[in-house]
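Quick look at model-v3.tsv (TSV, C-alpha atoms):
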chain	number	residue	atom	x	y	z
A	24	MET	CA	-30.40	-34.47	13.09
A	25	ILE	CA	-28.79	-31.31	11.72
A	26	GLU	CA	-29.20	-32.43	8.13
A	27	ARG	CA	-32.99	-32.29	8.64
A	28	LEU	CA	-32.90	-28.73	9.95
A	29	SER	CA	-32.97	-25.51	7.99
A	30	LEU	CA	-30.15	-23.21	9.09
A	31	ASN	CA	-32.40	-20.36	8.04
A	32	SER	CA	-34.99	-21.46	10.60
A	33	LEU	CA	-32.31	-21.42	13.31
A	34	LYS	CA	-31.43	-17.87	12.35
A	35	PHE	CA	-35.10	-16.84	12.52
A	36	PHE	CA	-35.44	-18.55	15.92
A	37	TYR	CA	-32.31	-16.76	17.18
A	38	TYR	CA	-33.67	-13.33	16.22
A	39	VAL	CA	-37.10	-13.98	17.74
A	40	ALA	CA	-35.52	-15.20	20.98
A	41	ARG	CA	-33.09	-12.30	21.02
A	42	TYR	CA	-35.73	-9.59	20.55
A	43	GLU	CA	-38.60	-11.54	22.19
A	44	SER	CA	-40.82	-10.51	19.32
A	45	VAL	CA	-41.79	-11.88	15.92
A	46	THR	CA	-42.43	-8.33	14.73
A	47	LEU	CA	-38.98	-7.03	15.67
A	48	ALA	CA	-37.29	-10.13	14.31
A	49	ALA	CA	-39.09	-9.66	10.98
A	50	GLU	CA	-37.93	-6.03	10.82
A	51	LYS	CA	-34.31	-6.96	11.55
A	52	LEU	CA	-34.36	-9.74	8.96
A	53	PHE	CA	-36.24	-7.68	6.35
A	54	VAL	CA	-38.95	-10.31	5.94
A	55	THR	CA	-42.64	-10.57	6.76
A	56	GLN	CA	-43.99	-11.68	10.16
A	57	SER	CA	-45.69	-14.64	8.51
A	58	ALA	CA	-42.35	-15.80	7.11
A	59	VAL	CA	-40.85	-15.72	10.59
A	60	SER	CA	-43.80	-17.55	12.12
A	61	LYS	CA	-43.63	-20.22	9.42
A	62	GLN	CA	-39.92	-20.82	10.05
A	63	LEU	CA	-40.52	-21.16	13.80
A	64	LYS	CA	-43.32	-23.65	13.24
A	65	ASN	CA	-41.15	-25.72	10.87
A	66	LEU	CA	-38.29	-25.72	13.40
A	67	GLU	CA	-40.50	-26.87	16.28
A	68	GLU	CA	-41.99	-29.62	14.11
A	69	SER	CA	-38.53	-30.80	12.98
A	70	LEU	CA	-37.27	-30.92	16.57
A	71	GLY	CA	-40.51	-32.21	18.08
A	72	LEU	CA	-40.14	-29.59	20.78
A	73	LEU	CA	-42.01	-26.53	21.96
A	74	LEU	CA	-39.55	-23.62	21.92
A	75	PHE	CA	-41.79	-20.72	22.93
A	76	VAL	CA	-44.71	-20.23	25.26
A	77	ARG	CA	-47.08	-17.77	23.61
A	78	GLU	CA	-48.96	-15.57	26.06
A	79	ALA	CA	-50.97	-12.75	24.48
A	80	ARG	CA	-48.35	-10.69	22.61
A	81	LYS	CA	-45.40	-12.00	24.60
A	82	LEU	CA	-43.11	-14.88	23.66
A	83	THR	CA	-41.26	-16.68	26.41
A	84	LEU	CA	-38.63	-19.33	25.83
A	85	THR	CA	-39.28	-22.81	27.21
A	86	SER	CA	-36.43	-24.58	28.97
A	87	GLU	CA	-35.65	-26.38	25.69
A	88	GLY	CA	-35.80	-23.05	23.85
A	89	GLU	CA	-33.34	-21.50	26.30
A	90	VAL	CA	-30.84	-24.32	25.66
A	91	LEU	CA	-31.17	-23.86	21.89
A	92	PHE	CA	-30.90	-20.07	22.19
A	93	ASP	CA	-27.66	-20.32	24.23
A	94	CYS	CA	-26.25	-22.64	21.57
A	95	CYS	CA	-27.35	-20.37	18.69
A	96	GLN	CA	-25.99	-17.31	20.45
A	97	GLU	CA	-22.55	-18.87	20.75
A	98	VAL	CA	-22.52	-20.21	17.20
A	99	PHE	CA	-23.81	-17.04	15.51
A	100	GLN	CA	-21.34	-14.87	17.42
A	101	GLN	CA	-18.52	-17.11	16.21
A	102	ILE	CA	-19.81	-16.86	12.66
A	103	GLU	CA	-19.99	-13.06	13.00
A	104	GLN	CA	-16.39	-12.92	14.21
A	105	CYS	CA	-15.29	-15.20	11.39
A	106	LEU	CA	-17.02	-13.04	8.77
A	107	SER	CA	-15.44	-9.91	10.27
A	108	GLN	CA	-11.99	-11.49	10.07
A	109	LEU	CA	-12.60	-12.50	6.46
A	110	GLN	CA	-13.64	-8.96	5.58
A	111	GLN	CA	-10.55	-7.53	7.24
A	112	HIS	CA	-8.37	-10.03	5.40
A	113	ASN	CA	-10.06	-9.15	2.12
A	114	LYS	CA	-9.50	-5.46	2.79
A	115	ALA	CA	-5.84	-6.12	3.58
A	116	GLN	CA	-5.50	-8.07	0.34
A	117	LYS	CA	-6.65	-4.98	-1.55
A	118	ASN	CA	-4.10	-2.77	0.19
A	119	LEU	CA	-0.44	-3.16	-0.77
A	120	ILE	CA	1.98	-1.32	1.54
A	121	LEU	CA	5.04	0.03	-0.28
A	122	SER	CA	8.04	1.53	1.48
A	123	CYS	CA	10.12	3.95	-0.58
A	124	GLU	CA	13.07	6.26	0.03
A	125	PRO	CA	11.68	9.70	1.01
A	126	THR	CA	12.86	11.95	-1.83
A	127	LEU	CA	12.21	9.35	-4.52
A	128	ALA	CA	8.72	8.90	-3.09
A	129	MET	CA	8.06	12.63	-2.92
A	130	LYS	CA	9.53	13.73	-6.25
A	131	TRP	CA	9.06	10.70	-8.50
A	132	LEU	CA	6.62	8.09	-7.16
A	133	ILE	CA	3.75	10.11	-5.65
A	134	PRO	CA	3.06	12.08	-8.86
A	135	ARG	CA	2.58	8.76	-10.64
A	136	LEU	CA	0.39	6.89	-8.16
A	137	ALA	CA	-2.82	8.32	-9.60
A	138	HIS	CA	-1.86	6.80	-12.93
A	139	PHE	CA	-1.26	3.45	-11.23
A	140	LYS	CA	-4.68	3.65	-9.57
A	141	GLN	CA	-6.33	4.27	-12.93
A	142	GLN	CA	-4.54	1.28	-14.41
A	143	TYR	CA	-5.17	-1.06	-11.46
A	144	PRO	CA	-8.30	0.12	-9.56
A	145	GLU	CA	-8.78	-3.28	-7.93
A	146	PHE	CA	-6.25	-2.59	-5.16
A	147	GLU	CA	-4.68	0.33	-3.33
A	148	VAL	CA	-1.01	1.14	-2.76
A	149	SER	CA	-0.30	2.69	0.64
A	150	LEU	CA	3.01	4.51	0.78
A	151	LEU	CA	5.47	4.60	3.67
A	152	THR	CA	8.76	6.46	3.48
A	153	GLY	CA	11.98	4.95	4.72
A	154	GLY	CA	15.43	3.85	3.66
A	155	GLY	CA	17.92	1.11	4.33
A	156	ALA	CA	17.10	-2.27	5.84
A	157	VAL	CA	13.47	-3.32	5.99
A	158	ASP	CA	11.67	-5.19	8.78
A	159	PHE	CA	8.70	-6.41	6.77
A	160	SER	CA	6.91	-8.00	9.72
A	161	ALA	CA	7.34	-5.28	12.34
A	162	GLN	CA	6.54	-2.45	9.91
A	163	HIS	CA	3.77	-4.39	8.13
A	164	ILE	CA	5.43	-3.69	4.77
A	165	ASP	CA	4.64	-5.78	1.68
A	166	VAL	CA	7.34	-4.44	-0.65
A	167	ALA	CA	10.13	-1.87	-0.46
A	168	LEU	CA	11.81	0.14	-3.20
A	169	ARG	CA	15.49	0.47	-2.29
A	170	ARG	CA	18.82	1.28	-3.90
A	171	ASP	CA	21.35	-1.53	-3.62
A	172	ASP	CA	23.78	0.32	-1.35
A	173	PHE	CA	23.36	-2.19	1.48
A	174	ASP	CA	23.17	-5.97	1.92
A	175	TRP	CA	19.54	-7.01	2.44
A	176	GLY	CA	20.45	-10.69	2.92
A	177	THR	CA	19.56	-13.91	1.18
A	178	ALA	CA	16.17	-14.23	2.91
A	179	VAL	CA	14.81	-11.20	1.02
A	180	TYR	CA	13.51	-11.58	-2.52
A	181	SER	CA	14.52	-8.81	-4.91
A	182	GLU	CA	13.66	-7.69	-8.43
A	183	LYS	CA	15.77	-5.07	-10.21
A	184	ILE	CA	13.72	-2.09	-11.36
A	185	ALA	CA	16.22	0.30	-12.98
A	186	ASP	CA	19.76	1.67	-12.82
A	187	GLU	CA	20.31	4.84	-10.84
A	188	GLN	CA	20.83	7.94	-12.98
A	189	MET	CA	22.75	10.93	-11.61
A	190	LEU	CA	23.55	14.47	-12.76
A	191	ALA	CA	24.45	17.92	-11.50
A	192	VAL	CA	21.88	20.70	-11.82
A	193	ARG	CA	21.44	24.38	-11.04
A	194	VAL	CA	18.51	26.77	-11.12
A	195	LYS	CA	17.52	27.80	-14.65
A	196	ASN	CA	18.81	31.12	-16.01
A	197	ASP	CA	20.70	32.01	-12.85
A	198	HIS	CA	23.86	33.76	-13.99
A	199	ALA	CA	25.22	34.45	-10.53
A	200	VAL	CA	28.58	32.93	-9.72
A	201	MET	CA	28.07	29.61	-7.91
A	202	THR	CA	30.17	29.05	-4.83
A	203	GLN	CA	28.74	25.84	-3.38
A	204	VAL	CA	27.23	22.52	-4.34
A	205	PHE	CA	24.77	20.69	-2.08
A	206	ILE	CA	25.36	17.02	-1.33
A	207	SER	CA	22.97	14.72	0.53
A	208	LYS	CA	24.30	13.06	3.67
A	209	SER	CA	22.27	9.99	2.73
A	210	ARG	CA	25.02	9.13	0.23
A	211	PRO	CA	28.37	9.77	1.94
A	212	LEU	CA	30.50	8.81	-1.08
A	213	LEU	CA	28.57	10.86	-3.64
A	214	TRP	CA	30.88	13.86	-3.80
A	215	GLN	CA	34.05	11.78	-4.12
A	216	GLN	CA	32.45	9.65	-6.85
A	217	PHE	CA	31.29	12.73	-8.72
A	218	LYS	CA	34.70	14.44	-8.58
A	219	ARG	CA	36.39	11.32	-9.94
A	220	ARG	CA	33.95	11.21	-12.84
A	221	HIS	CA	33.86	14.97	-13.51
A	222	PRO	CA	37.22	16.40	-12.38
A	223	GLU	CA	36.78	19.54	-14.48
A	224	GLN	CA	33.19	20.34	-13.53
A	225	LEU	CA	32.15	21.95	-10.24
A	226	GLY	CA	35.68	21.38	-8.99
A	227	GLY	CA	35.97	24.90	-7.63
A	228	LEU	CA	32.77	24.70	-5.63
A	229	LYS	CA	32.60	24.06	-1.91
A	230	PRO	CA	30.44	21.06	-1.02
A	231	SER	CA	27.75	21.66	1.61
A	232	SER	CA	25.98	18.73	3.23
A	233	LEU	CA	22.25	18.55	3.86
A	234	GLU	CA	20.30	15.69	5.43
A	235	HIS	CA	18.22	14.65	2.40
A	236	PHE	CA	18.10	15.06	-1.35
A	237	TYR	CA	14.86	17.02	-1.20
A	238	LEU	CA	16.63	19.67	0.92
A	239	CYS	CA	19.42	19.82	-1.64
A	240	ILE	CA	16.87	20.26	-4.43
A	241	GLU	CA	15.05	23.04	-2.55
A	242	ALA	CA	18.33	24.84	-1.85
A	243	CYS	CA	19.19	24.57	-5.53
A	244	LEU	CA	15.78	25.90	-6.58
A	245	ALA	CA	16.31	28.82	-4.22
A	246	GLY	CA	19.44	29.72	-6.16
A	247	LEU	CA	21.82	28.95	-3.32
A	248	GLY	CA	24.03	26.69	-5.40
A	249	ALA	CA	24.19	23.57	-7.54
A	250	THR	CA	23.47	20.02	-6.43
A	251	VAL	CA	24.39	16.50	-7.51
A	252	VAL	CA	21.22	14.45	-7.39
A	253	SER	CA	19.37	11.43	-8.75
A	254	ALA	CA	17.91	12.47	-12.10
A	255	TYR	CA	14.62	10.76	-11.22
A	256	MET	CA	14.20	13.18	-8.33
A	257	VAL	CA	14.43	16.31	-10.50
A	258	GLU	CA	12.65	14.97	-13.56
A	259	ARG	CA	9.74	17.41	-13.33
A	260	GLU	CA	11.99	20.39	-12.51
A	261	LEU	CA	14.03	19.66	-15.63
A	262	LYS	CA	10.94	19.11	-17.75
A	263	TYR	CA	9.43	22.45	-16.73
A	264	GLN	CA	12.83	24.18	-16.98
A	265	MET	CA	13.02	25.12	-13.33
A	266	LEU	CA	16.46	23.52	-13.19
A	267	GLU	CA	19.05	23.04	-15.91
A	268	PRO	CA	21.65	20.25	-16.21
A	269	LEU	CA	25.31	21.01	-15.65
A	270	THR	CA	26.42	17.51	-16.60
A	271	GLU	CA	25.11	14.68	-18.67
A	272	VAL	CA	23.00	12.02	-16.97
A	273	TYR	CA	25.18	9.09	-15.99
A	274	ALA	CA	24.71	5.71	-14.31
A	275	ASP	CA	26.65	5.55	-11.05
A	276	GLY	CA	26.73	1.74	-10.89
A	277	SER	CA	23.92	1.34	-8.37
A	278	ALA	CA	20.32	0.34	-9.07
A	279	TYR	CA	16.85	0.39	-7.57
A	280	HIS	CA	15.34	-2.93	-6.52
A	281	LEU	CA	11.92	-3.96	-5.29
A	282	LEU	CA	12.23	-6.09	-2.15
A	283	SER	CA	9.79	-8.58	-0.66
A	284	ALA	CA	9.81	-11.05	2.23
A	285	GLN	CA	7.94	-13.60	0.06
A	286	PRO	CA	8.38	-14.68	-3.58
A	287	PHE	CA	6.83	-12.20	-5.98
A	288	GLU	CA	5.08	-15.02	-7.84
A	289	GLU	CA	2.88	-15.66	-4.80
A	290	ASP	CA	1.17	-12.26	-5.05
A	291	ILE	CA	-0.09	-10.91	-8.38
A	292	ARG	CA	-0.23	-7.39	-6.88
A	293	LYS	CA	3.54	-7.41	-6.37
A	294	LEU	CA	4.11	-8.57	-9.93
A	295	LEU	CA	1.87	-5.84	-11.30
A	296	LEU	CA	3.61	-3.18	-9.21
A	297	ARG	CA	7.04	-4.47	-10.22
A	298	ASP	CA	6.25	-4.32	-13.93
A	299	TRP	CA	4.62	-0.90	-13.59
A	300	LEU	CA	7.65	0.53	-11.76
A	301	ARG	CA	9.96	-0.84	-14.45
A	302	ASP	CA	7.88	0.71	-17.21
A	303	GLU	CA	7.68	4.09	-15.47
A	304	MET	CA	11.41	4.26	-14.75
A	305	HIS	CA	12.16	3.26	-18.34
A	306	LYS	CA	9.95	6.15	-19.53
A	307	SER	CA	11.81	8.46	-17.17
A	308	GLN	CA	15.15	7.32	-18.56
A	309	LEU	CA	14.04	8.09	-22.11
A	310	GLY	CA	13.05	11.61	-21.08
A	311	LEU	CA	16.25	12.13	-19.10
A	312	ASN	CA	18.38	11.11	-22.05
A	313	THR	CA	16.82	13.97	-24.02
A	314	VAL	CA	17.57	16.41	-21.22
A	315	SER	CA	21.10	15.05	-20.89
A	316	SER	CA	21.90	15.89	-24.50
A	317	LEU	CA	21.28	19.58	-23.68
A	318	ALA	CA	23.95	19.72	-20.98
Do you think you could lay out the structure here as structure tokens?
Amino acid sequence: MIERLSLNSLKFFYYVARYESVTLAAEKLFVTQSAVSKQLKNLEESLGLLLFVREARKLTLTSEGEVLFDCCQEVFQQIEQCLSQLQQHNKAQKNLILSCEPTLAMKWLIPRLAHFKQQYPEFEVSLLTGGGAVDFSAQHIDVALRRDDFDWGTAVYSEKIADEQMLAVRVKNDHAVMTQVFISKSRPLLWQQFKRRHPEQLGGLKPSSLEHFYLCIEACLAGLGATVVSAYMVERELKYQMLEPLTEVYADGSAYHLLSAQPFEEDIRKLLLRDWLRDEMHKSQLGLNTVSSLA
């Protein structure tokens, strides 16, 4: 039976029954009244049933028409829900949620996202800040940029992006005697590692702890002291000579990795983001090497 019916005629019938008017149905469907009337006639002929009783300007469903309308109402509502779900899924597929450590996101990643959007306009990257272990499901995160200072487990897929680069900096052209160096509490071993590597430099300074690297950078910019920081996080300040290096840039043995709960090969967006992050951090390293030679 259904193969002999036009689904379009069922849609036209549904709208006429819903609005009890050929005129209103035609307006909602953006067609002419004659087109609607023709579809109704074809449907009644195909079914061999009278679906409407026509009295003056009023259309009233017959008992058979009421049965068909109830069926169409259920089916078309299900189709509407299905289409809505598909649209939401499609929107989600165009939105990649990236979690990144706060200072790296603020000082290095965010200034570059506009460039990424220009290069890949087909999908958006939504940024969340956070550090440490990642609950991809609970936080609705697709990928996370993390330094390998914790064990993320064998169930997480990872791709190395770049080695961490560190250095000590101070505010440019500040000739006041420095008495302190700011160290981020987010890396408890940083000061000990730095002293072992640079026993002669900043050795007479008193370390002061702040919660995050961006606070250390702001304190340094305010001329309150030096700081030991990831070179990526002060790239712009070095470029525009707001800060000056006190040491050469050095790799501290750690690295940034992009993490995912699923294989990267299953999502082209993750592969594109991975390669873009690698390229951008490589460019940063080239610029930092130039700055490092001035220390």
Any idea what the distance is between atom CA of A:Leu63 and atom CA of A:Phe36?
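Calculated distance between atom CA of A:Leu63 and atom CA of A:Phe36 is 6.1 Å.
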Restricting the calculation to only C-alpha atoms, which member of A:Gly246, A:Pro268, A:Ile133, A:Ala167 is positioned closest to A:Ala191?
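Using only C-alpha atoms, the shortest distance to A:Ala191 belongs to A:Pro268.
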Which residue is closest to A:Phe173? Choose from A:Arg80, A:Lys229, A:His280, A:Lys195 and count all atoms listed in the file.
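That would be A:His280, the residue with the smallest distance to A:Phe173.
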Closest of A:Asp275, A:Met189, A:Glu182, A:Leu74 to A:Val90 - atom-to-atom distances counting all atoms listed in the file:
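For A:Val90, the nearest of the given residues is A:Leu74.
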Which is closest to A:Gly153 among A:Ser86, A:Gln141, A:Thr126, A:Asn118, if we use all atoms listed in the file?
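Ranked by minimum distance to A:Gly153, first place goes to A:Thr126.
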What does the distance between atom CA of A:Leu311 and atom CA of A:His138 come to in Å, to one decimal place?
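Interatomic distance here is 19.9 Å.
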Excluding A:Tyr237 and its own-chain neighbours fewer than 5 positions away, which residues fall within 10 Å of it when counting only C-alpha atoms? Please give them as a PyMOL selection string.
chain A and resi 125-127+129-130+207+242-243+252+256-257
Find the residues near A:Leu213: any atom within 12 Å, counting all atoms listed in the file, skip ones fewer than 6 places away on the same chain, and give them as a VMD selection string.
chain A and resid 172 189 to 191 204 to 207 219 to 221 230 232 236 250 to 253 275 to 277
Counting only C-alpha atoms, which residues of stretch 158-211 of chain A sit at most 8 Å from some atom of stretch 284-296 of chain A, and what is each one's closest atom pair with its distance in Å to one decimal, listed by chain and rising residue number, as JSON lines?
{"residue": "A:Phe159", "atom": "CA", "partner": "A:Ala284", "partner_atom": "CA", "distance": 6.6}
{"residue": "A:Asp165", "atom": "CA", "partner": "A:Ala284", "partner_atom": "CA", "distance": 7.4}
{"residue": "A:Val166", "atom": "CA", "partner": "A:Lys293", "partner_atom": "CA", "distance": 7.5}
{"residue": "A:Ala178", "atom": "CA", "partner": "A:Ala284", "partner_atom": "CA", "distance": 7.1}
{"residue": "A:Val179", "atom": "CA", "partner": "A:Ala284", "partner_atom": "CA", "distance": 5.1}
{"residue": "A:Tyr180", "atom": "CA", "partner": "A:Ala284", "partner_atom": "CA", "distance": 6.0}
If you count all atoms listed in the file, which residues fall within 8 Å of A:Ser44, apart from same-chain ones fewer than 3 positions away, as a PDB file with C-alpha atoms, in the coordinates of the input?
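Writing the result to selection-v3.pdb gives the following:
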ATOM      1  CA  VAL A  39     -37.100 -13.980  17.740  1.00  0.00           C
ATOM      2  CA  ALA A  40     -35.520 -15.200  20.980  1.00  0.00           C
ATOM      3  CA  LEU A  47     -38.980  -7.030  15.670  1.00  0.00           C
ATOM      4  CA  ALA A  48     -37.290 -10.130  14.310  1.00  0.00           C
ATOM      5  CA  LYS A  81     -45.400 -12.000  24.600  1.00  0.00           C
ATOM      6  CA  LEU A  82     -43.110 -14.880  23.660  1.00  0.00           C
TER       7      LEU A  82
END
